[in-house]
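The structure appears below as structure tokens.
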Amino acid sequence: ACQMTFVAIGIFVSSLTENQFGACLGTIAVLLGLMVVATLNALIDSYVVRSVLSWISIFSRYTYFTYGIFDIGAVVYYVSICVVFLFLSVRVFEKRRWA
């Protein structure tokens, strides 16, 4: 589930760039940013900030799957993120086609 989200993010970043190396670096930067959000979540003392970062973080929802727990909320979250990024990718390609 988490991997399909990473692929959808990579496809979106790739649709924004013209070369493959830029797409690779952009995707790595976005995924590292998401990893930093997950890491900051453990270091912040404020409950409100931690709950917001936990809601945004892709990795915090993946822990349910690593323990063998099927969480329908996590599946809906991952599918929603995939749909959003794939929709944005299609919009970028349609804009290029008509430009």
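Identifiers in this document derive from the order of the structure tokens: chains are assigned A, B, ..., residues are numbered from 1 separately in each chain, and ligands are numbered from 1 in order of occurrence.
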Give me the residues within 12 Å of Leu32 (chain A) as a ChimeraX atom specification, counting only C-alpha atoms and dropping any in the same chain fewer than 4 places off. /A:6,25-28,36-39,57-59
Written selection (N, CA, C and O atoms) as a PDB file, in the first residue's frame:
```pdb
ATOM      1  N   PHE A   6       4.194   5.742  -3.075  1.00  0.00           N
ATOM      2  CA  PHE A   6       5.496   6.239  -3.523  1.00  0.00           C
ATOM      3  C   PHE A   6       5.568   6.292  -5.042  1.00  0.00           C
ATOM      4  O   PHE A   6       6.111   7.241  -5.612  1.00  0.00           O
ATOM      5  N   LEU A  25      15.671  12.803  -8.759  1.00  0.00           N
ATOM      6  CA  LEU A  25      16.070  13.648  -7.631  1.00  0.00           C
ATOM      7  C   LEU A  25      14.867  14.286  -6.948  1.00  0.00           C
ATOM      8  O   LEU A  25      14.816  14.374  -5.718  1.00  0.00           O
ATOM      9  N   GLY A  26      13.894  14.715  -7.721  1.00  0.00           N
ATOM     10  CA  GLY A  26      12.685  15.309  -7.141  1.00  0.00           C
ATOM     11  C   GLY A  26      11.889  14.309  -6.323  1.00  0.00           C
ATOM     12  O   GLY A  26      11.399  14.630  -5.237  1.00  0.00           O
ATOM     13  N   THR A  27      11.761  13.094  -6.828  1.00  0.00           N
ATOM     14  CA  THR A  27      11.030  12.062  -6.105  1.00  0.00           C
ATOM     15  C   THR A  27      11.749  11.697  -4.811  1.00  0.00           C
ATOM     16  O   THR A  27      11.111  11.560  -3.756  1.00  0.00           O
ATOM     17  N   ILE A  28      13.060  11.561  -4.888  1.00  0.00           N
ATOM     18  CA  ILE A  28      13.830  11.258  -3.677  1.00  0.00           C
ATOM     19  C   ILE A  28      13.691  12.385  -2.664  1.00  0.00           C
ATOM     20  O   ILE A  28      13.540  12.139  -1.463  1.00  0.00           O
ATOM     21  N   VAL A  36      11.360  12.817   6.876  1.00  0.00           N
ATOM     22  CA  VAL A  36      11.714  13.808   7.896  1.00  0.00           C
ATOM     23  C   VAL A  36      10.491  14.159   8.733  1.00  0.00           C
ATOM     24  O   VAL A  36      10.589  14.328   9.956  1.00  0.00           O
ATOM     25  N   VAL A  37       9.328  14.258   8.100  1.00  0.00           N
ATOM     26  CA  VAL A  37       8.097  14.527   8.838  1.00  0.00           C
ATOM     27  C   VAL A  37       7.847  13.411   9.858  1.00  0.00           C
ATOM     28  O   VAL A  37       7.481  13.677  11.006  1.00  0.00           O
ATOM     29  N   ALA A  38       8.062  12.171   9.449  1.00  0.00           N
ATOM     30  CA  ALA A  38       7.868  11.048  10.370  1.00  0.00           C
ATOM     31  C   ALA A  38       8.885  11.086  11.505  1.00  0.00           C
ATOM     32  O   ALA A  38       8.564  10.770  12.647  1.00  0.00           O
ATOM     33  N   THR A  39      10.111  11.488  11.202  1.00  0.00           N
ATOM     34  CA  THR A  39      11.140  11.565  12.235  1.00  0.00           C
ATOM     35  C   THR A  39      10.868  12.714  13.195  1.00  0.00           C
ATOM     36  O   THR A  39      11.034  12.569  14.411  1.00  0.00           O
ATOM     37  N   SER A  57       1.878  12.077   7.966  1.00  0.00           N
ATOM     38  CA  SER A  57       2.951  11.122   7.713  1.00  0.00           C
ATOM     39  C   SER A  57       2.446   9.848   7.036  1.00  0.00           C
ATOM     40  O   SER A  57       1.463   9.238   7.475  1.00  0.00           O
ATOM     41  N   ILE A  58       3.139   9.448   5.999  1.00  0.00           N
ATOM     42  CA  ILE A  58       2.811   8.213   5.301  1.00  0.00           C
ATOM     43  C   ILE A  58       3.310   7.004   6.087  1.00  0.00           C
ATOM     44  O   ILE A  58       2.675   5.967   6.128  1.00  0.00           O
ATOM     45  N   PHE A  59       4.429   7.158   6.762  1.00  0.00           N
ATOM     46  CA  PHE A  59       5.057   6.032   7.447  1.00  0.00           C
ATOM     47  C   PHE A  59       4.341   5.651   8.735  1.00  0.00           C
ATOM     48  O   PHE A  59       4.387   4.495   9.146  1.00  0.00           O
TER      49      PHE A  59
END
```
Shell around Ser14 (chain A) at 9 Å using only C-alpha atoms, local window under 5 positions removed, as a PyMOL selection string: chain A and resi 9+19-20+22-24+26-27+89
Please write the residues from the selection above to a file, keeping N, CA and C atoms, as a PDB file, in the first residue's frame.
```
ATOM      1  N   ILE A   9       3.513   9.253  -6.306  1.00  0.00           N
ATOM      2  CA  ILE A   9       4.254  10.500  -6.095  1.00  0.00           C
ATOM      3  C   ILE A   9       5.363  10.626  -7.128  1.00  0.00           C
ATOM      4  N   ASN A  19      13.409  15.669 -17.789  1.00  0.00           N
ATOM      5  CA  ASN A  19      14.404  14.598 -17.858  1.00  0.00           C
ATOM      6  C   ASN A  19      14.244  13.635 -16.689  1.00  0.00           C
ATOM      7  N   GLN A  20      14.811  12.445 -16.861  1.00  0.00           N
ATOM      8  CA  GLN A  20      14.643  11.383 -15.878  1.00  0.00           C
ATOM      9  C   GLN A  20      15.440  11.634 -14.612  1.00  0.00           C
ATOM     10  N   GLY A  22      16.196  14.516 -13.209  1.00  0.00           N
ATOM     11  CA  GLY A  22      15.469  15.498 -12.404  1.00  0.00           C
ATOM     12  C   GLY A  22      14.273  14.875 -11.706  1.00  0.00           C
ATOM     13  N   ALA A  23      13.590  13.982 -12.402  1.00  0.00           N
ATOM     14  CA  ALA A  23      12.453  13.287 -11.793  1.00  0.00           C
ATOM     15  C   ALA A  23      12.908  12.404 -10.644  1.00  0.00           C
ATOM     16  N   CYS A  24      14.028  11.750 -10.830  1.00  0.00           N
ATOM     17  CA  CYS A  24      14.575  10.889  -9.776  1.00  0.00           C
ATOM     18  C   CYS A  24      14.944  11.717  -8.545  1.00  0.00           C
ATOM     19  N   GLY A  26      13.894  14.715  -7.721  1.00  0.00           N
ATOM     20  CA  GLY A  26      12.685  15.309  -7.141  1.00  0.00           C
ATOM     21  C   GLY A  26      11.889  14.309  -6.323  1.00  0.00           C
ATOM     22  N   THR A  27      11.761  13.094  -6.828  1.00  0.00           N
ATOM     23  CA  THR A  27      11.030  12.062  -6.105  1.00  0.00           C
ATOM     24  C   THR A  27      11.749  11.697  -4.811  1.00  0.00           C
ATOM     25  N   SER A  89      -1.176  14.148 -12.019  1.00  0.00           N
ATOM     26  CA  SER A  89      -0.306  13.773 -13.144  1.00  0.00           C
ATOM     27  C   SER A  89      -1.056  13.836 -14.461  1.00  0.00           C
TER      28      SER A  89
END
```
Applying 9 Å and only C-alpha atoms, which residues near region 80-84 of chain A remain after dropping the ones on its own chain fewer than 3 positions away? List them as a short mmCIF file (atom, residue, chain, number, x, y, z; two decimals) with C-alpha atoms, in the first residue's frame.
```cif
data_model
loop_
_atom_site.label_atom_id
_atom_site.label_comp_id
_atom_site.auth_asym_id
_atom_site.auth_seq_id
_atom_site.Cartn_x
_atom_site.Cartn_y
_atom_site.Cartn_z
CA MET A 4 1.87 2.39 -4.52
CA THR A 5 1.78 5.79 -2.87
CA PHE A 6 5.50 6.24 -3.52
CA VAL A 7 5.04 5.27 -7.16
CA ALA A 8 2.15 7.71 -7.59
CA ILE A 9 4.25 10.50 -6.09
CA VAL A 75 -5.92 1.65 3.09
CA VAL A 76 -8.33 4.50 2.36
CA TYR A 77 -5.56 7.00 3.15
CA PHE A 87 -5.15 12.84 -10.98
CA LEU A 88 -2.61 15.66 -10.76
CA SER A 89 -0.31 13.77 -13.14
#
```
Taking into account only C-alpha atoms, which residue in the set A:Leu53, A:Val92, A:Cys2, A:Ser15 is nearest to Ala74 (chain A)?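 Checking each candidate against Ala74 (chain A), we get A:Cys2 as the closest.
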What does the distance from CA of Asn41 (chain A) to CA of Ser54 (chain A) come to in Å, to one decimal? 6.5 Å
Please compute the CA of Leu31 (chain A)-CA of Val13 (chain A) distance, one decimal, in Å. 10.9 Å
Hey, what does DSSP flag as alpha helix (DSSP H) within region 16-57 of chain A? Can you give it to me as a PyMOL selection string? chain A and resi 16+20-43+47-56
To one decimal place in Å, what is the distance between CA of Thr63 (chain A) and CA of Val49 (chain A)?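 A separation of 19.7 Å between them.
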Show me, as a list in words, the residues that have an atom within 12 Å of Gly73 (chain A) when counting only C-alpha atoms, minus same-chain residues fewer than 2 positions from it.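 So, after excluding close chain neighbours, the residues are Ala1, Trp55, Arg61, Tyr62, Tyr64, Phe65, Ile69, Phe70, Asp71, Val75, Val76, Tyr77, Tyr78, Val79 and Ser80 of chain A.
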Identify, on the basis of only C-alpha atoms, every residue whose closest approach to Arg91 (chain A) does not exceed 12 Å; exclude the query and any residue fewer than 5 positions from it along the same chain; express the result as a ChimeraX atom specification. /A:12,15-16,84-86,96-98
